[in-house]
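Heads up, query.pdb below (PDB, C-alpha atoms, pLDDT in the B column):
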MODEL        1
ATOM      1  CA  MET A 228       0.000   0.000   0.000  1.00 71.00           C
ATOM      2  CA  ALA A 229       1.069   3.601  -0.532  1.00 77.00           C
ATOM      3  CA  ASN A 230       3.078   5.246   2.200  1.00 85.00           C
ATOM      4  CA  HIS A 231       3.335   8.863   1.036  1.00 92.00           C
ATOM      5  CA  LYS A 232       0.465  11.295   0.949  1.00 93.00           C
ATOM      6  CA  SER A 233       0.895  11.901  -2.779  1.00 94.00           C
ATOM      7  CA  ALA A 234       1.017   8.156  -3.483  1.00 93.00           C
ATOM      8  CA  LYS A 235      -2.240   7.675  -1.573  1.00 92.00           C
ATOM      9  CA  LYS A 236      -3.863  10.403  -3.635  1.00 94.00           C
ATOM     10  CA  ARG A 237      -2.606   8.825  -6.874  1.00 94.00           C
ATOM     11  CA  ALA A 238      -4.050   5.472  -5.791  1.00 93.00           C
ATOM     12  CA  LYS A 239      -7.455   7.082  -5.194  1.00 94.00           C
ATOM     13  CA  THR A 240      -7.495   8.975  -8.485  1.00 96.00           C
ATOM     14  CA  SER A 241      -6.267   5.932 -10.396  1.00 95.00           C
ATOM     15  CA  GLU A 242      -9.136   3.875  -9.010  1.00 96.00           C
ATOM     16  CA  LYS A 243     -11.686   6.552  -9.975  1.00 95.00           C
ATOM     17  CA  ARG A 244     -10.297   6.707 -13.501  1.00 94.00           C
ATOM     18  CA  ARG A 245     -10.233   2.917 -13.791  1.00 95.00           C
ATOM     19  CA  VAL A 246     -13.918   2.670 -12.902  1.00 96.00           C
ATOM     20  CA  ARG A 247     -14.848   5.526 -15.262  1.00 94.00           C
ATOM     21  CA  ASN A 248     -12.831   4.060 -18.146  1.00 95.00           C
ATOM     22  CA  LYS A 249     -14.321   0.608 -17.597  1.00 96.00           C
ATOM     23  CA  ALA A 250     -17.838   2.014 -17.828  1.00 96.00           C
ATOM     24  CA  SER A 251     -16.963   3.943 -20.981  1.00 96.00           C
ATOM     25  CA  LEU A 252     -15.406   0.929 -22.674  1.00 96.00           C
ATOM     26  CA  SER A 253     -18.401  -1.178 -21.737  1.00 97.00           C
ATOM     27  CA  LYS A 254     -20.733   1.339 -23.369  1.00 97.00           C
ATOM     28  CA  VAL A 255     -18.544   1.365 -26.491  1.00 97.00           C
ATOM     29  CA  LYS A 256     -19.025  -2.383 -26.817  1.00 97.00           C
ATOM     30  CA  THR A 257     -22.779  -1.962 -26.331  1.00 97.00           C
ATOM     31  CA  VAL A 258     -23.249   0.750 -28.968  1.00 97.00           C
ATOM     32  CA  VAL A 259     -21.111  -1.179 -31.478  1.00 97.00           C
ATOM     33  CA  LYS A 260     -23.119  -4.341 -30.824  1.00 97.00           C
ATOM     34  CA  ASN A 261     -26.391  -2.422 -31.277  1.00 96.00           C
ATOM     35  CA  VAL A 262     -25.294  -1.322 -34.742  1.00 96.00           C
ATOM     36  CA  LEU A 263     -24.153  -4.804 -35.724  1.00 96.00           C
ATOM     37  CA  ASP A 264     -27.436  -6.339 -34.522  1.00 95.00           C
ATOM     38  CA  SER A 265     -29.504  -4.050 -36.752  1.00 92.00           C
ATOM     39  CA  LYS A 266     -31.408  -5.789 -39.514  1.00 90.00           C
ATOM     40  CA  ASP A 267     -32.631  -2.887 -41.658  1.00 91.00           C
ATOM     41  CA  LYS A 268     -30.859   0.198 -42.996  1.00 92.00           C
ATOM     42  CA  GLU A 269     -33.067   2.794 -41.266  1.00 93.00           C
ATOM     43  CA  SER A 270     -32.552   1.552 -37.721  1.00 93.00           C
ATOM     44  CA  ALA A 271     -28.879   0.916 -38.421  1.00 95.00           C
ATOM     45  CA  ASP A 272     -28.418   4.528 -39.539  1.00 95.00           C
ATOM     46  CA  VAL A 273     -29.929   5.844 -36.308  1.00 96.00           C
ATOM     47  CA  LYS A 274     -27.806   3.525 -34.183  1.00 96.00           C
ATOM     48  CA  LEU A 275     -24.701   4.342 -36.225  1.00 97.00           C
ATOM     49  CA  LYS A 276     -25.195   8.044 -35.604  1.00 97.00           C
ATOM     50  CA  GLU A 277     -25.440   7.408 -31.861  1.00 97.00           C
ATOM     51  CA  ALA A 278     -22.378   5.150 -31.912  1.00 97.00           C
ATOM     52  CA  VAL A 279     -20.255   7.615 -33.874  1.00 97.00           C
ATOM     53  CA  SER A 280     -21.229  10.414 -31.516  1.00 97.00           C
ATOM     54  CA  TYR A 281     -20.256   8.387 -28.456  1.00 97.00           C
ATOM     55  CA  LEU A 282     -17.021   7.146 -30.002  1.00 97.00           C
ATOM     56  CA  ASP A 283     -15.980  10.704 -30.860  1.00 97.00           C
ATOM     57  CA  ARG A 284     -16.719  11.820 -27.311  1.00 96.00           C
ATOM     58  CA  ILE A 285     -14.582   9.003 -25.887  1.00 96.00           C
ATOM     59  CA  ALA A 286     -11.713   9.804 -28.278  1.00 96.00           C
ATOM     60  CA  THR A 287     -11.793  13.453 -27.233  1.00 96.00           C
ATOM     61  CA  LYS A 288     -11.436  12.485 -23.590  1.00 93.00           C
ATOM     62  CA  GLY A 289      -8.538  10.168 -24.440  1.00 92.00           C
ATOM     63  CA  THR A 290     -10.105   6.975 -23.148  1.00 94.00           C
ATOM     64  CA  ILE A 291      -9.555   5.315 -26.528  1.00 95.00           C
ATOM     65  CA  HIS A 292      -6.964   6.358 -29.089  1.00 96.00           C
ATOM     66  CA  LYS A 293      -8.346   8.383 -31.998  1.00 97.00           C
ATOM     67  CA  ASN A 294      -7.075   5.874 -34.585  1.00 97.00           C
ATOM     68  CA  ASN A 295      -8.846   3.052 -32.754  1.00 97.00           C
ATOM     69  CA  VAL A 296     -12.064   5.085 -32.867  1.00 97.00           C
ATOM     70  CA  ALA A 297     -11.546   5.876 -36.552  1.00 97.00           C
ATOM     71  CA  ARG A 298     -11.149   2.172 -37.319  1.00 98.00           C
ATOM     72  CA  LYS A 299     -14.321   1.271 -35.419  1.00 97.00           C
ATOM     73  CA  LYS A 300     -16.314   4.011 -37.181  1.00 97.00           C
ATOM     74  CA  ALA A 301     -15.038   2.921 -40.602  1.00 98.00           C
ATOM     75  CA  ARG A 302     -15.986  -0.699 -40.007  1.00 97.00           C
ATOM     76  CA  LEU A 303     -19.436   0.203 -38.684  1.00 97.00           C
ATOM     77  CA  THR A 304     -20.095   2.522 -41.633  1.00 96.00           C
ATOM     78  CA  LYS A 305     -19.002  -0.182 -44.051  1.00 96.00           C
ATOM     79  CA  PHE A 306     -21.382  -2.637 -42.356  1.00 96.00           C
ATOM     80  CA  VAL A 307     -24.337  -0.220 -42.525  1.00 95.00           C
ATOM     81  CA  ASN A 308     -23.666   0.598 -46.183  1.00 95.00           C
ATOM     82  CA  ALA A 309     -23.598  -3.131 -46.983  1.00 94.00           C
ATOM     83  CA  LEU A 310     -27.108  -3.461 -45.505  1.00 91.00           C
ATOM     84  CA  ALA A 311     -28.458  -1.254 -48.289  1.00 78.00           C
ATOM     85  CA  LYS A 312     -27.456  -3.770 -50.963  1.00 75.00           C
TER      86      LYS A 312
ENDMDL
END
Represent the supplied structure as structure tokens.
Amino acid sequence: MANHKSAKKRAKTSEKRRVRNKASLSKVKTVVKNVLDSKDKESADVKLKEAVSYLDRIATKGTIHKNNVARKKARLTKFVNALAK
């Protein structure tokens, strides 16, 4: 366990961030899954818009790297566009 005052503070803040990041990453998985579970183009477009918005928000905060977010958005968009065919 931490002995110094600053180390104790870092342990507390690290735990808070860990919990917050875990919740964010869990929601990322959920919104991606919602898009992939869509059967028709209309509902997929709505869910894609929500997913892209959330992914951008997470990238801005630095929880996920921006290139990782870009890759996820590209794959989801490709999936939704394939539903139209």
For a cut-off of 9 Å around (-21.0, 5.5, -34.6), file coordinates, pick out all residues using all atoms listed in the file and list them as a PyMOL selection string.
chain A and resi 258-259+262+272+274-283+299-301+303-304
Return as AutoDock Vina command-line options the box centre and box size in Å, one decimal, for an axis-aligned box around all listed atoms of region 253-262 of chain A padded by 8 Å per side.
--center_x -22.4 --center_y -1.5 --center_z -28.2 --size_x 24.0 --size_y 21.7 --size_z 29.0
Spell out the residues picked by the PyMOL selection byres ((chain A and resi 267) around 12) here, as an mmCIF file with C-alpha atoms, in the frame of the given file.
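selection-v6.cif, written as the output of this step:
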data_model
loop_
_atom_site.group_PDB
_atom_site.id
_atom_site.type_symbol
_atom_site.label_atom_id
_atom_site.label_comp_id
_atom_site.auth_asym_id
_atom_site.auth_seq_id
_atom_site.Cartn_x
_atom_site.Cartn_y
_atom_site.Cartn_z
ATOM 1 C CA VAL A 262 -25.294 -1.322 -34.742
ATOM 2 C CA LEU A 263 -24.153 -4.804 -35.724
ATOM 3 C CA ASP A 264 -27.436 -6.339 -34.522
ATOM 4 C CA SER A 265 -29.504 -4.050 -36.752
ATOM 5 C CA LYS A 266 -31.408 -5.789 -39.514
ATOM 6 C CA LYS A 268 -30.859 0.198 -42.996
ATOM 7 C CA GLU A 269 -33.067 2.794 -41.266
ATOM 8 C CA SER A 270 -32.552 1.552 -37.721
ATOM 9 C CA ALA A 271 -28.879 0.916 -38.421
ATOM 10 C CA ASP A 272 -28.418 4.528 -39.539
ATOM 11 C CA VAL A 273 -29.929 5.844 -36.308
ATOM 12 C CA LYS A 274 -27.806 3.525 -34.183
ATOM 13 C CA PHE A 306 -21.382 -2.637 -42.356
ATOM 14 C CA VAL A 307 -24.337 -0.220 -42.525
ATOM 15 C CA ASN A 308 -23.666 0.598 -46.183
ATOM 16 C CA ALA A 309 -23.598 -3.131 -46.983
ATOM 17 C CA LEU A 310 -27.108 -3.461 -45.505
ATOM 18 C CA ALA A 311 -28.458 -1.254 -48.289
ATOM 19 C CA LYS A 312 -27.456 -3.770 -50.963
#
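Coordinates place CA of Gly289 (chain A) at a distance of 27.8 Å from CA of Met228 (chain A).
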Distance CA of Ile291 (chain A)-CA of Leu252 (chain A), one decimal place?
8.3 Å
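For the atom pair formed by CA of Arg247 (chain A) and CA of Ile285 (chain A), the distance is 11.2 Å, given to one decimal.
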